[in-house]
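Here is the file data08.pdb (PDB, C-alpha atoms).
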ATOM      1  CA  MET A   1       9.223 -51.376  17.810
ATOM      2  CA  ALA A   2      11.549 -48.414  17.562
ATOM      3  CA  THR A   3       8.633 -46.187  16.701
ATOM      4  CA  THR A   4       6.767 -47.262  19.817
ATOM      5  CA  THR A   5       9.850 -46.627  21.965
ATOM      6  CA  ASP A   6      10.338 -43.141  20.489
ATOM      7  CA  THR A   7       6.702 -42.317  21.128
ATOM      8  CA  VAL A   8       6.988 -43.445  24.744
ATOM      9  CA  ASP A   9      10.181 -41.418  25.209
ATOM     10  CA  ARG A  10       8.608 -38.276  23.802
ATOM     11  CA  THR A  11       5.607 -38.776  26.041
ATOM     12  CA  ARG A  12       7.849 -39.086  29.066
ATOM     13  CA  THR A  13      10.011 -36.077  28.209
ATOM     14  CA  ALA A  14       7.127 -33.789  27.212
ATOM     15  CA  PRO A  15       6.458 -31.090  29.798
ATOM     16  CA  PRO A  16       3.251 -31.578  31.723
ATOM     17  CA  ARG A  17       0.393 -29.253  30.900
ATOM     18  CA  PRO A  18      -0.495 -26.808  33.631
ATOM     19  CA  PRO A  19      -3.724 -27.614  35.393
ATOM     20  CA  GLY A  20      -6.663 -25.679  34.096
ATOM     21  CA  GLY A  21      -4.770 -24.428  31.019
ATOM     22  CA  GLU A  22      -7.730 -24.643  28.658
ATOM     23  CA  ASP A  23     -10.060 -22.986  31.158
ATOM     24  CA  ARG A  24      -7.584 -20.179  31.713
ATOM     25  CA  ARG A  25      -7.268 -19.607  27.966
ATOM     26  CA  HIS A  26     -11.050 -19.383  27.593
ATOM     27  CA  SER A  27     -11.273 -17.076  30.581
ATOM     28  CA  GLN A  28      -8.754 -14.725  28.936
ATOM     29  CA  THR A  29     -10.513 -14.852  25.561
ATOM     30  CA  ARG A  30     -13.912 -13.785  26.844
ATOM     31  CA  PRO A  31     -12.849 -10.320  28.089
ATOM     32  CA  ALA A  32     -11.013  -9.697  24.806
ATOM     33  CA  LEU A  33     -14.122 -10.549  22.817
ATOM     34  CA  ALA A  34     -16.183  -8.334  25.090
ATOM     35  CA  PHE A  35     -13.878  -5.376  24.417
ATOM     36  CA  LEU A  36     -13.905  -6.053  20.659
ATOM     37  CA  ALA A  37     -17.660  -6.511  20.394
ATOM     38  CA  PRO A  38     -18.650  -2.772  20.309
ATOM     39  CA  PHE A  39     -16.100  -2.038  17.596
ATOM     40  CA  VAL A  40     -17.113  -5.073  15.542
ATOM     41  CA  VAL A  41     -20.790  -4.134  15.771
ATOM     42  CA  LEU A  42     -20.136  -0.532  14.702
ATOM     43  CA  TYR A  43     -17.779  -1.668  11.932
ATOM     44  CA  VAL A  44     -20.375  -4.036  10.526
ATOM     45  CA  LEU A  45     -23.185  -1.466  10.776
ATOM     46  CA  PHE A  46     -21.351   1.519   9.291
ATOM     47  CA  ILE A  47     -18.664  -0.032   7.031
ATOM     48  CA  ILE A  48     -19.414  -3.599   5.969
ATOM     49  CA  GLY A  49     -23.198  -3.183   5.810
ATOM     50  CA  PRO A  50     -23.242  -0.014   3.662
ATOM     51  CA  ALA A  51     -20.515  -1.438   1.411
ATOM     52  CA  LEU A  52     -22.519  -4.585   0.723
ATOM     53  CA  TYR A  53     -25.697  -2.574   0.208
ATOM     54  CA  GLY A  54     -23.865  -0.270  -2.205
ATOM     55  CA  LEU A  55     -22.616  -3.288  -4.139
ATOM     56  CA  LEU A  56     -26.177  -4.600  -4.329
ATOM     57  CA  MET A  57     -27.480  -1.184  -5.372
ATOM     58  CA  SER A  58     -25.012  -1.040  -8.271
ATOM     59  CA  PHE A  59     -26.989  -3.784 -10.040
ATOM     60  CA  PHE A  60     -30.270  -1.848  -9.871
ATOM     61  CA  ASP A  61     -31.612   1.333 -11.395
ATOM     62  CA  SER A  62     -31.812   2.991  -7.985
ATOM     63  CA  SER A  63     -32.652   6.632  -7.509
ATOM     64  CA  MET A  64     -33.013   9.041  -4.616
ATOM     65  CA  VAL A  65     -36.403  10.211  -5.878
ATOM     66  CA  LYS A  66     -38.101   6.801  -5.705
ATOM     67  CA  PRO A  67     -38.214   4.237  -2.901
ATOM     68  CA  GLY A  68     -36.561   0.856  -2.972
ATOM     69  CA  LEU A  69     -33.832  -0.449  -5.188
ATOM     70  CA  GLY A  70     -35.726   0.107  -8.415
ATOM     71  CA  ASP A  71     -35.615  -2.082 -11.508
ATOM     72  CA  PHE A  72     -32.911  -4.679 -11.951
ATOM     73  CA  ALA A  73     -30.236  -3.358 -14.333
ATOM     74  CA  GLY A  74     -27.615  -6.087 -14.216
ATOM     75  CA  PHE A  75     -24.253  -4.817 -15.449
ATOM     76  CA  ASP A  76     -25.750  -1.882 -17.375
ATOM     77  CA  ASN A  77     -24.514   0.644 -14.795
ATOM     78  CA  TYR A  78     -20.982  -0.735 -15.021
ATOM     79  CA  ALA A  79     -21.067  -0.700 -18.812
ATOM     80  CA  GLU A  80     -22.275   2.909 -18.800
ATOM     81  CA  ALA A  81     -19.519   3.960 -16.401
ATOM     82  CA  LEU A  82     -16.804   2.217 -18.412
ATOM     83  CA  GLY A  83     -18.107   3.890 -21.568
ATOM     84  CA  SER A  84     -18.400   7.362 -20.005
ATOM     85  CA  ALA A  85     -15.756   9.909 -20.971
ATOM     86  CA  ASP A  86     -16.547  11.909 -17.836
ATOM     87  CA  PHE A  87     -15.750   8.932 -15.612
ATOM     88  CA  TRP A  88     -12.384   8.307 -17.274
ATOM     89  CA  SER A  89     -11.580  12.021 -17.209
ATOM     90  CA  ALA A  90     -12.287  12.221 -13.467
ATOM     91  CA  LEU A  91     -10.241   9.075 -12.906
ATOM     92  CA  TRP A  92      -7.301  10.562 -14.816
ATOM     93  CA  HIS A  93      -7.509  13.775 -12.767
ATOM     94  CA  THR A  94      -7.319  11.659  -9.616
ATOM     95  CA  ILE A  95      -4.286   9.741 -10.889
ATOM     96  CA  TRP A  96      -2.584  12.961 -12.002
ATOM     97  CA  PHE A  97      -3.157  14.474  -8.559
ATOM     98  CA  THR A  98      -1.632  11.331  -7.018
ATOM     99  CA  ILE A  99       1.426  11.677  -9.248
ATOM    100  CA  LEU A 100       1.835  15.330  -8.265
ATOM    101  CA  THR A 101       1.509  14.781  -4.515
ATOM    102  CA  THR A 102       3.017  11.390  -3.664
ATOM    103  CA  PRO A 103       6.721  11.995  -4.535
ATOM    104  CA  PRO A 104       7.047  15.343  -2.694
ATOM    105  CA  LEU A 105       5.072  14.110   0.305
ATOM    106  CA  VAL A 106       7.435  11.131   0.642
ATOM    107  CA  LEU A 107      10.737  12.841  -0.141
ATOM    108  CA  LEU A 108      10.090  16.054   1.789
ATOM    109  CA  ALA A 109       8.814  14.150   4.815
ATOM    110  CA  LEU A 110      11.975  12.040   4.817
ATOM    111  CA  ALA A 111      14.261  15.052   4.398
ATOM    112  CA  PHE A 112      12.578  17.083   7.147
ATOM    113  CA  ALA A 113      12.522  14.086   9.481
ATOM    114  CA  LEU A 114      16.283  13.596   9.002
ATOM    115  CA  LEU A 115      16.907  17.277   9.723
ATOM    116  CA  ALA A 116      14.614  17.343  12.757
ATOM    117  CA  GLU A 117      16.231  14.211  14.176
ATOM    118  CA  ARG A 118      19.667  15.837  14.092
ATOM    119  CA  VAL A 119      18.542  18.986  15.897
ATOM    120  CA  ARG A 120      19.732  18.924  19.502
ATOM    121  CA  ARG A 121      17.784  21.872  20.913
ATOM    122  CA  GLY A 122      14.167  22.747  20.265
ATOM    123  CA  ARG A 123      13.394  19.442  18.593
ATOM    124  CA  TRP A 124       9.829  19.568  19.921
ATOM    125  CA  PHE A 125       9.242  22.890  18.131
ATOM    126  CA  PHE A 126      10.103  21.492  14.707
ATOM    127  CA  ARG A 127       7.974  18.415  15.300
ATOM    128  CA  LEU A 128       5.042  20.602  16.287
ATOM    129  CA  ALA A 129       5.552  23.004  13.379
ATOM    130  CA  PHE A 130       5.514  20.249  10.768
ATOM    131  CA  PHE A 131       2.631  18.289  12.280
ATOM    132  CA  LEU A 132       0.362  21.212  13.219
ATOM    133  CA  PRO A 133      -1.146  21.805   9.728
ATOM    134  CA  TYR A 134      -2.237  18.162   9.570
ATOM    135  CA  VAL A 135      -4.692  18.602  12.460
ATOM    136  CA  LEU A 136      -6.473  21.495  10.731
ATOM    137  CA  PRO A 137      -9.873  20.720   9.177
ATOM    138  CA  SER A 138     -10.043  20.622   5.410
ATOM    139  CA  ALA A 139     -12.378  23.633   5.298
ATOM    140  CA  VAL A 140      -9.910  25.762   7.260
ATOM    141  CA  VAL A 141      -7.015  24.725   5.032
ATOM    142  CA  ALA A 142      -9.057  25.471   1.916
ATOM    143  CA  LEU A 143      -9.995  28.949   3.144
ATOM    144  CA  ILE A 144      -6.387  29.769   4.050
ATOM    145  CA  TRP A 145      -5.055  28.780   0.661
ATOM    146  CA  MET A 146      -7.924  30.337  -1.269
ATOM    147  CA  TRP A 147      -6.957  33.616   0.351
ATOM    148  CA  MET A 148      -3.313  33.027  -0.545
ATOM    149  CA  TYR A 149      -4.305  32.310  -4.160
ATOM    150  CA  THR A 150      -6.522  35.409  -4.465
ATOM    151  CA  PRO A 151      -5.336  37.431  -7.501
ATOM    152  CA  LEU A 152      -3.550  40.722  -6.696
ATOM    153  CA  LEU A 153      -4.183  40.275  -2.961
ATOM    154  CA  GLY A 154      -2.906  36.860  -1.988
ATOM    155  CA  LEU A 155       0.497  36.244  -0.469
ATOM    156  CA  LEU A 156       1.684  33.977  -3.274
ATOM    157  CA  GLY A 157       0.645  36.415  -5.982
ATOM    158  CA  ARG A 158       2.454  39.313  -4.338
ATOM    159  CA  THR A 159       5.546  37.199  -3.838
ATOM    160  CA  VAL A 160       5.631  36.175  -7.493
ATOM    161  CA  THR A 161       5.108  39.718  -8.770
ATOM    162  CA  TRP A 162       7.730  41.054  -6.332
ATOM    163  CA  PHE A 163      10.313  38.871  -8.070
ATOM    164  CA  GLY A 164       9.215  40.268 -11.422
ATOM    165  CA  PHE A 165       7.183  37.307 -12.698
ATOM    166  CA  THR A 166       3.631  37.325 -13.974
ATOM    167  CA  GLU A 167       1.153  35.933 -11.486
ATOM    168  CA  PRO A 168      -0.469  32.746 -12.820
ATOM    169  CA  GLY A 169      -4.139  31.980 -12.467
ATOM    170  CA  TRP A 170      -3.704  29.697  -9.498
ATOM    171  CA  LEU A 171      -7.224  28.309  -9.322
ATOM    172  CA  GLY A 172      -8.681  29.854 -12.481
ATOM    173  CA  ASP A 173      -6.267  28.425 -15.045
ATOM    174  CA  PRO A 174      -6.788  24.739 -16.000
ATOM    175  CA  ASN A 175      -3.011  24.354 -16.332
ATOM    176  CA  TRP A 176      -2.352  25.644 -12.824
ATOM    177  CA  ALA A 177      -5.414  24.571 -10.841
ATOM    178  CA  MET A 178      -4.295  20.994 -10.178
ATOM    179  CA  ILE A 179      -0.750  22.122  -9.333
ATOM    180  CA  SER A 180      -2.160  24.643  -6.870
ATOM    181  CA  LEU A 181      -4.298  21.966  -5.216
ATOM    182  CA  ALA A 182      -1.280  19.678  -5.004
ATOM    183  CA  LEU A 183       0.765  22.425  -3.351
ATOM    184  CA  THR A 184      -1.979  22.946  -0.784
ATOM    185  CA  THR A 185      -2.174  19.215  -0.080
ATOM    186  CA  VAL A 186       1.588  18.890   0.381
ATOM    187  CA  TRP A 187       1.602  21.682   2.959
ATOM    188  CA  TRP A 188      -1.437  20.248   4.714
ATOM    189  CA  THR A 189      -0.630  16.521   4.956
ATOM    190  CA  LEU A 190       3.169  16.522   5.139
ATOM    191  CA  GLY A 191       3.098  16.195   8.919
ATOM    192  CA  PHE A 192       1.618  12.692   8.922
ATOM    193  CA  ASN A 193       4.423  11.171   6.871
ATOM    194  CA  PHE A 194       6.884  13.269   8.846
ATOM    195  CA  VAL A 195       5.775  11.629  12.094
ATOM    196  CA  LEU A 196       5.969   8.150  10.563
ATOM    197  CA  TYR A 197       9.554   8.756   9.479
ATOM    198  CA  LEU A 198      10.450  10.136  12.904
ATOM    199  CA  ALA A 199       9.126   6.957  14.495
ATOM    200  CA  GLY A 200      11.176   4.885  12.060
ATOM    201  CA  LEU A 201      14.332   6.871  12.801
ATOM    202  CA  GLN A 202      13.940   6.314  16.524
ATOM    203  CA  ASP A 203      13.940   2.537  15.984
ATOM    204  CA  ILE A 204      17.389   2.578  14.372
ATOM    205  CA  PRO A 205      20.041   1.575  16.963
ATOM    206  CA  ARG A 206      22.464   4.380  17.809
ATOM    207  CA  ASP A 207      25.289   1.831  17.980
ATOM    208  CA  LEU A 208      25.291   1.570  14.191
ATOM    209  CA  TYR A 209      26.024   5.267  13.801
ATOM    210  CA  GLU A 210      28.699   5.209  16.486
ATOM    211  CA  ALA A 211      30.447   2.226  14.902
ATOM    212  CA  SER A 212      30.318   3.808  11.445
ATOM    213  CA  ALA A 213      31.681   7.093  12.812
ATOM    214  CA  ILE A 214      34.622   5.220  14.321
ATOM    215  CA  ASP A 215      35.248   3.649  10.898
ATOM    216  CA  GLY A 216      35.343   7.141   9.378
ATOM    217  CA  ALA A 217      31.918   7.292   7.714
ATOM    218  CA  SER A 218      30.634  10.788   6.960
ATOM    219  CA  PRO A 219      27.053  11.877   7.789
ATOM    220  CA  ILE A 220      26.059  11.471   4.130
ATOM    221  CA  GLN A 221      27.492   7.954   4.071
ATOM    222  CA  GLN A 222      25.650   7.121   7.292
ATOM    223  CA  ILE A 223      22.359   8.232   5.744
ATOM    224  CA  TRP A 224      22.995   6.303   2.536
ATOM    225  CA  ARG A 225      24.398   3.122   4.105
ATOM    226  CA  ILE A 226      22.467   2.926   7.385
ATOM    227  CA  THR A 227      19.438   5.205   7.561
ATOM    228  CA  LEU A 228      17.833   4.582   4.176
ATOM    229  CA  PRO A 229      18.185   0.757   4.275
ATOM    230  CA  MET A 230      16.809   0.662   7.811
ATOM    231  CA  LEU A 231      13.824   2.800   6.719
ATOM    232  CA  ARG A 232      12.710   0.515   3.885
ATOM    233  CA  ARG A 233       9.702  -0.788   5.767
ATOM    234  CA  THR A 234       8.676   2.698   6.839
ATOM    235  CA  THR A 235       9.093   4.011   3.308
ATOM    236  CA  SER A 236       6.976   1.199   1.893
ATOM    237  CA  LEU A 237       4.243   1.962   4.429
ATOM    238  CA  VAL A 238       4.388   5.698   3.742
ATOM    239  CA  ILE A 239       4.172   5.245  -0.029
ATOM    240  CA  VAL A 240       1.230   2.845   0.135
ATOM    241  CA  LEU A 241      -0.715   5.025   2.573
ATOM    242  CA  GLN A 242       0.035   8.155   0.570
ATOM    243  CA  ILE A 243      -1.097   6.649  -2.726
ATOM    244  CA  ILE A 244      -4.375   5.545  -1.170
ATOM    245  CA  ALA A 245      -4.899   8.944   0.493
ATOM    246  CA  SER A 246      -4.184  10.848  -2.737
ATOM    247  CA  LEU A 247      -6.511   8.636  -4.748
ATOM    248  CA  LYS A 248      -9.309   9.395  -2.284
ATOM    249  CA  VAL A 249      -8.953  13.179  -2.647
ATOM    250  CA  PHE A 250     -12.215  15.105  -2.399
ATOM    251  CA  ASP A 251     -12.394  17.841   0.242
ATOM    252  CA  GLN A 252      -9.898  20.424  -0.986
ATOM    253  CA  MET A 253     -10.931  20.012  -4.618
ATOM    254  CA  TYR A 254     -14.619  20.361  -3.856
ATOM    255  CA  ILE A 255     -14.184  23.385  -1.586
ATOM    256  CA  MET A 256     -11.534  25.290  -3.541
ATOM    257  CA  THR A 257     -12.480  24.689  -7.180
ATOM    258  CA  GLN A 258     -15.735  22.671  -7.205
ATOM    259  CA  GLY A 259     -14.087  20.574  -9.898
ATOM    260  CA  GLY A 260     -13.314  23.553 -12.157
ATOM    261  CA  PRO A 261     -12.262  25.320 -14.151
ATOM    262  CA  ASN A 262     -13.976  23.398 -16.941
ATOM    263  CA  PHE A 263     -13.965  20.188 -14.837
ATOM    264  CA  SER A 264     -10.146  20.112 -14.928
ATOM    265  CA  THR A 265      -9.929  19.265 -11.210
ATOM    266  CA  ARG A 266     -12.970  17.054 -10.754
ATOM    267  CA  SER A 267     -11.823  13.907  -8.972
ATOM    268  CA  ALA A 268     -13.382  10.468  -9.154
ATOM    269  CA  LEU A 269     -15.053  10.888  -5.785
ATOM    270  CA  GLN A 270     -16.545  14.220  -6.810
ATOM    271  CA  TYR A 271     -17.834  12.640 -10.016
ATOM    272  CA  ILE A 272     -19.510   9.927  -7.932
ATOM    273  CA  TYR A 273     -20.891  12.602  -5.589
ATOM    274  CA  ASP A 274     -22.303  14.636  -8.484
ATOM    275  CA  ILE A 275     -23.957  11.597 -10.057
ATOM    276  CA  GLY A 276     -25.443  10.368  -6.792
ATOM    277  CA  PHE A 277     -26.516  13.595  -5.068
ATOM    278  CA  THR A 278     -27.028  15.970  -8.003
ATOM    279  CA  ASP A 279     -28.410  13.660 -10.672
ATOM    280  CA  TYR A 280     -29.967  11.377  -8.000
ATOM    281  CA  ARG A 281     -28.753   8.248  -9.836
ATOM    282  CA  THR A 282     -27.589   6.299  -6.815
ATOM    283  CA  GLY A 283     -27.436   2.974  -8.643
ATOM    284  CA  TYR A 284     -25.064   4.316 -11.277
ATOM    285  CA  ALA A 285     -23.066   6.138  -8.595
ATOM    286  CA  ALA A 286     -22.738   2.868  -6.652
ATOM    287  CA  ALA A 287     -21.394   1.137  -9.771
ATOM    288  CA  ALA A 288     -18.895   3.944 -10.401
ATOM    289  CA  SER A 289     -17.755   3.831  -6.771
ATOM    290  CA  THR A 290     -17.272   0.062  -7.005
ATOM    291  CA  LEU A 291     -15.091   0.494 -10.092
ATOM    292  CA  PHE A 292     -13.102   3.197  -8.328
ATOM    293  CA  PHE A 293     -12.651   0.911  -5.329
ATOM    294  CA  LEU A 294     -11.197  -1.735  -7.645
ATOM    295  CA  VAL A 295      -8.771   0.841  -9.042
ATOM    296  CA  VAL A 296      -7.577   1.817  -5.564
ATOM    297  CA  LEU A 297      -7.310  -1.861  -4.608
ATOM    298  CA  ALA A 298      -5.287  -2.599  -7.746
ATOM    299  CA  PHE A 299      -2.815   0.231  -7.072
ATOM    300  CA  SER A 300      -2.359  -0.907  -3.498
ATOM    301  CA  ALA A 301      -1.970  -4.577  -4.440
ATOM    302  CA  VAL A 302       0.603  -3.908  -7.166
ATOM    303  CA  TRP A 303       2.719  -1.767  -4.893
ATOM    304  CA  LEU A 304       2.536  -4.247  -2.029
ATOM    305  CA  VAL A 305       3.578  -7.092  -4.315
ATOM    306  CA  LEU A 306       6.558  -5.105  -5.584
ATOM    307  CA  THR A 307       7.686  -4.168  -2.086
ATOM    308  CA  ARG A 308       7.318  -7.727  -0.819
ATOM    309  CA  ARG A 309       9.477  -8.998  -3.654
ATOM    310  CA  GLN A 310      12.149  -6.463  -2.785
ATOM    311  CA  GLU A 311      11.899  -7.184   0.928
ATOM    312  CA  PRO A 312      11.179 -10.888   1.577
ATOM    313  CA  GLU A 313      11.210 -10.296   5.297
ATOM    314  CA  LEU A 314       8.087  -8.118   5.207
TER     315      LEU A 314
END

The structure given in the file should be rewritten as structure tokens.
Amino acid sequence: MATTTDTVDRTRTAPPRPPGGEDRRHSQTRPALAFLAPFVVLYVLFIIGPALYGLLMSFFDSSMVKPGLGDFAGFDNYAEALGSADFWSALWHTIWFTILTTPPLVLLALAFALLAERVRRGRWFFRLAFFLPYVLPSAVVALIWMWMYTPLLGLLGRTVTWFGFTEPGWLGDPNWAMISLALTTVWWTLGFNFVLYLAGLQDIPRDLYEASAIDGASPIQQIWRITLPMLRRTTSLVIVLQIIASLKVFDQMYIMTQGGPNFSTRSALQYIYDIGFTDYRTGYAAAASTLFFLVVLAFSAVWLVLTRRQEPEL
């Protein structure tokens, strides 16, 4: 009896639904679907479709010199890739490049963003100066830095010899080639992370800094106690995006060194490119690209899990 009374009371106190609510919701959904339809169609045609076809191709002995998928190979392409020393070597070069580029691209972007945020005059100039290299095409960046690395003529070589040091073989020495490519990448892509950190700094309330200044906190203490904790989400985003971007490196390596010297800078994507478009083994290249996709997915998933454990509110 009490249950029936409570149900009646809730029915009486519940706010009445506006007339035509369901029709209005459907009328608002249709334009949204209409705007999304072109993007969904293009995404399926150029992203989802080729990805599924590539996954299917990885199970066949496909080739660019014969039509169709070819003979069914099962997991033979995957077994060959996992047993190939060249595949693991290219994968290690990609991981080593990621290790060389991710820490400086995160730390330098944060440091420069903090400095640019504290500048009172000409702030737009510093933002433009740091972000401008990022909009340059990869071919232009590669040509600029190849000229700078030119022995006896390049700017870096002359600077090193002016200080009395011996000029290293920037792109010709296997010990220096990957470091040189990492230096080029840091200069080129620093602006993207820089802008992300600037956006994160603008979301921090100014009242926190004013209150801490009244309590006697120094600028260093404000950065350590306020800025860095408030930028945890931005830092997590920057690190994840940077790891994925570094793992997918291809352009600057292919243009500046072509994977040399002695294949010391051949990335995983260049290995897949060489197998697919030089050896014409598209089925094996599809299997290698699938394995590389799983590696990138694993790195991203591990880092996201760690950051979510540290920040439950994400």

Item to check | Which residue of A:Gly49, A:Leu114, A:Gly200, A:Gln242 approaches Thr101 (chain A) most closely, using all atoms listed in the file | outcome: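 Closest residue, counting all atoms listed in the file: A:Gln242.
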
Checklist entry - What gap, in Å, lies between CA of Gly172 (chain A) and CA of Met253 (chain A)? => result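 Those two atoms sit 12.8 Å apart.
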
Checklist entry - Any chance you could work out the residue set of the PyMOL selection byres ((chain A and resi 221-231) around 9) here, as a PyMOL selection string? => result chain A and resi 114+197+200-201+203-204+208-209+212-213+217-220+232-236

Quick one: apply the PyMOL selection byres ((chain A and resi 176-188) around 10) to the file and drop the selected residues here as a PDB file with C-alpha atoms, keeping the file's coordinate frame.
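This went into part11.pdb:
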ATOM      1  CA  HIS A  93      -7.509  13.775 -12.767  1.00  0.00           C
ATOM      2  CA  THR A  94      -7.319  11.659  -9.616  1.00  0.00           C
ATOM      3  CA  TRP A  96      -2.584  12.961 -12.002  1.00  0.00           C
ATOM      4  CA  PHE A  97      -3.157  14.474  -8.559  1.00  0.00           C
ATOM      5  CA  THR A  98      -1.632  11.331  -7.018  1.00  0.00           C
ATOM      6  CA  ILE A  99       1.426  11.677  -9.248  1.00  0.00           C
ATOM      7  CA  LEU A 100       1.835  15.330  -8.265  1.00  0.00           C
ATOM      8  CA  THR A 101       1.509  14.781  -4.515  1.00  0.00           C
ATOM      9  CA  THR A 102       3.017  11.390  -3.664  1.00  0.00           C
ATOM     10  CA  PRO A 103       6.721  11.995  -4.535  1.00  0.00           C
ATOM     11  CA  PRO A 104       7.047  15.343  -2.694  1.00  0.00           C
ATOM     12  CA  LEU A 105       5.072  14.110   0.305  1.00  0.00           C
ATOM     13  CA  VAL A 106       7.435  11.131   0.642  1.00  0.00           C
ATOM     14  CA  LEU A 108      10.090  16.054   1.789  1.00  0.00           C
ATOM     15  CA  ALA A 109       8.814  14.150   4.815  1.00  0.00           C
ATOM     16  CA  PHE A 130       5.514  20.249  10.768  1.00  0.00           C
ATOM     17  CA  PHE A 131       2.631  18.289  12.280  1.00  0.00           C
ATOM     18  CA  LEU A 132       0.362  21.212  13.219  1.00  0.00           C
ATOM     19  CA  PRO A 133      -1.146  21.805   9.728  1.00  0.00           C
ATOM     20  CA  TYR A 134      -2.237  18.162   9.570  1.00  0.00           C
ATOM     21  CA  VAL A 135      -4.692  18.602  12.460  1.00  0.00           C
ATOM     22  CA  LEU A 136      -6.473  21.495  10.731  1.00  0.00           C
ATOM     23  CA  PRO A 137      -9.873  20.720   9.177  1.00  0.00           C
ATOM     24  CA  SER A 138     -10.043  20.622   5.410  1.00  0.00           C
ATOM     25  CA  VAL A 141      -7.015  24.725   5.032  1.00  0.00           C
ATOM     26  CA  ALA A 142      -9.057  25.471   1.916  1.00  0.00           C
ATOM     27  CA  ILE A 144      -6.387  29.769   4.050  1.00  0.00           C
ATOM     28  CA  TRP A 145      -5.055  28.780   0.661  1.00  0.00           C
ATOM     29  CA  MET A 146      -7.924  30.337  -1.269  1.00  0.00           C
ATOM     30  CA  TYR A 149      -4.305  32.310  -4.160  1.00  0.00           C
ATOM     31  CA  PRO A 168      -0.469  32.746 -12.820  1.00  0.00           C
ATOM     32  CA  GLY A 169      -4.139  31.980 -12.467  1.00  0.00           C
ATOM     33  CA  TRP A 170      -3.704  29.697  -9.498  1.00  0.00           C
ATOM     34  CA  LEU A 171      -7.224  28.309  -9.322  1.00  0.00           C
ATOM     35  CA  GLY A 172      -8.681  29.854 -12.481  1.00  0.00           C
ATOM     36  CA  ASP A 173      -6.267  28.425 -15.045  1.00  0.00           C
ATOM     37  CA  PRO A 174      -6.788  24.739 -16.000  1.00  0.00           C
ATOM     38  CA  ASN A 175      -3.011  24.354 -16.332  1.00  0.00           C
ATOM     39  CA  THR A 189      -0.630  16.521   4.956  1.00  0.00           C
ATOM     40  CA  LEU A 190       3.169  16.522   5.139  1.00  0.00           C
ATOM     41  CA  GLY A 191       3.098  16.195   8.919  1.00  0.00           C
ATOM     42  CA  PHE A 192       1.618  12.692   8.922  1.00  0.00           C
ATOM     43  CA  SER A 246      -4.184  10.848  -2.737  1.00  0.00           C
ATOM     44  CA  VAL A 249      -8.953  13.179  -2.647  1.00  0.00           C
ATOM     45  CA  GLN A 252      -9.898  20.424  -0.986  1.00  0.00           C
ATOM     46  CA  MET A 253     -10.931  20.012  -4.618  1.00  0.00           C
ATOM     47  CA  MET A 256     -11.534  25.290  -3.541  1.00  0.00           C
ATOM     48  CA  THR A 257     -12.480  24.689  -7.180  1.00  0.00           C
ATOM     49  CA  GLY A 259     -14.087  20.574  -9.898  1.00  0.00           C
ATOM     50  CA  GLY A 260     -13.314  23.553 -12.157  1.00  0.00           C
ATOM     51  CA  PRO A 261     -12.262  25.320 -14.151  1.00  0.00           C
ATOM     52  CA  SER A 264     -10.146  20.112 -14.928  1.00  0.00           C
ATOM     53  CA  THR A 265      -9.929  19.265 -11.210  1.00  0.00           C
ATOM     54  CA  ARG A 266     -12.970  17.054 -10.754  1.00  0.00           C
TER      55      ARG A 266
END

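The gap separating CA of Leu291 (chain A) from CA of Ala268 (chain A) is 10.2 Å, in Å to one decimal.
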
Next on the checklist: Could you check the closest approach to Leu196 (chain A) for each of A:Ile244, A:Leu153, A:Leu128, A:Ala113 and tell me which residue wins, using all atoms listed in the file?
Outcome noted: A:Ala113

Item to check | Resolved residues for the PyMOL selection byres ((chain A and resi 299) around 12) as an MDAnalysis selection string | outcome: chainID A and resid 95 98 239:247 292:298 300:306

Next, the residues of the selection above should be written as a PDB file, keeping the file's coordinate frame with C-alpha atoms.
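Generated file (part28.pdb):
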ATOM      1  CA  ILE A  95      -4.286   9.741 -10.889  1.00  0.00           C
ATOM      2  CA  THR A  98      -1.632  11.331  -7.018  1.00  0.00           C
ATOM      3  CA  ILE A 239       4.172   5.245  -0.029  1.00  0.00           C
ATOM      4  CA  VAL A 240       1.230   2.845   0.135  1.00  0.00           C
ATOM      5  CA  LEU A 241      -0.715   5.025   2.573  1.00  0.00           C
ATOM      6  CA  GLN A 242       0.035   8.155   0.570  1.00  0.00           C
ATOM      7  CA  ILE A 243      -1.097   6.649  -2.726  1.00  0.00           C
ATOM      8  CA  ILE A 244      -4.375   5.545  -1.170  1.00  0.00           C
ATOM      9  CA  ALA A 245      -4.899   8.944   0.493  1.00  0.00           C
ATOM     10  CA  SER A 246      -4.184  10.848  -2.737  1.00  0.00           C
ATOM     11  CA  LEU A 247      -6.511   8.636  -4.748  1.00  0.00           C
ATOM     12  CA  PHE A 292     -13.102   3.197  -8.328  1.00  0.00           C
ATOM     13  CA  PHE A 293     -12.651   0.911  -5.329  1.00  0.00           C
ATOM     14  CA  LEU A 294     -11.197  -1.735  -7.645  1.00  0.00           C
ATOM     15  CA  VAL A 295      -8.771   0.841  -9.042  1.00  0.00           C
ATOM     16  CA  VAL A 296      -7.577   1.817  -5.564  1.00  0.00           C
ATOM     17  CA  LEU A 297      -7.310  -1.861  -4.608  1.00  0.00           C
ATOM     18  CA  ALA A 298      -5.287  -2.599  -7.746  1.00  0.00           C
ATOM     19  CA  SER A 300      -2.359  -0.907  -3.498  1.00  0.00           C
ATOM     20  CA  ALA A 301      -1.970  -4.577  -4.440  1.00  0.00           C
ATOM     21  CA  VAL A 302       0.603  -3.908  -7.166  1.00  0.00           C
ATOM     22  CA  TRP A 303       2.719  -1.767  -4.893  1.00  0.00           C
ATOM     23  CA  LEU A 304       2.536  -4.247  -2.029  1.00  0.00           C
ATOM     24  CA  VAL A 305       3.578  -7.092  -4.315  1.00  0.00           C
ATOM     25  CA  LEU A 306       6.558  -5.105  -5.584  1.00  0.00           C
TER      26      LEU A 306
END
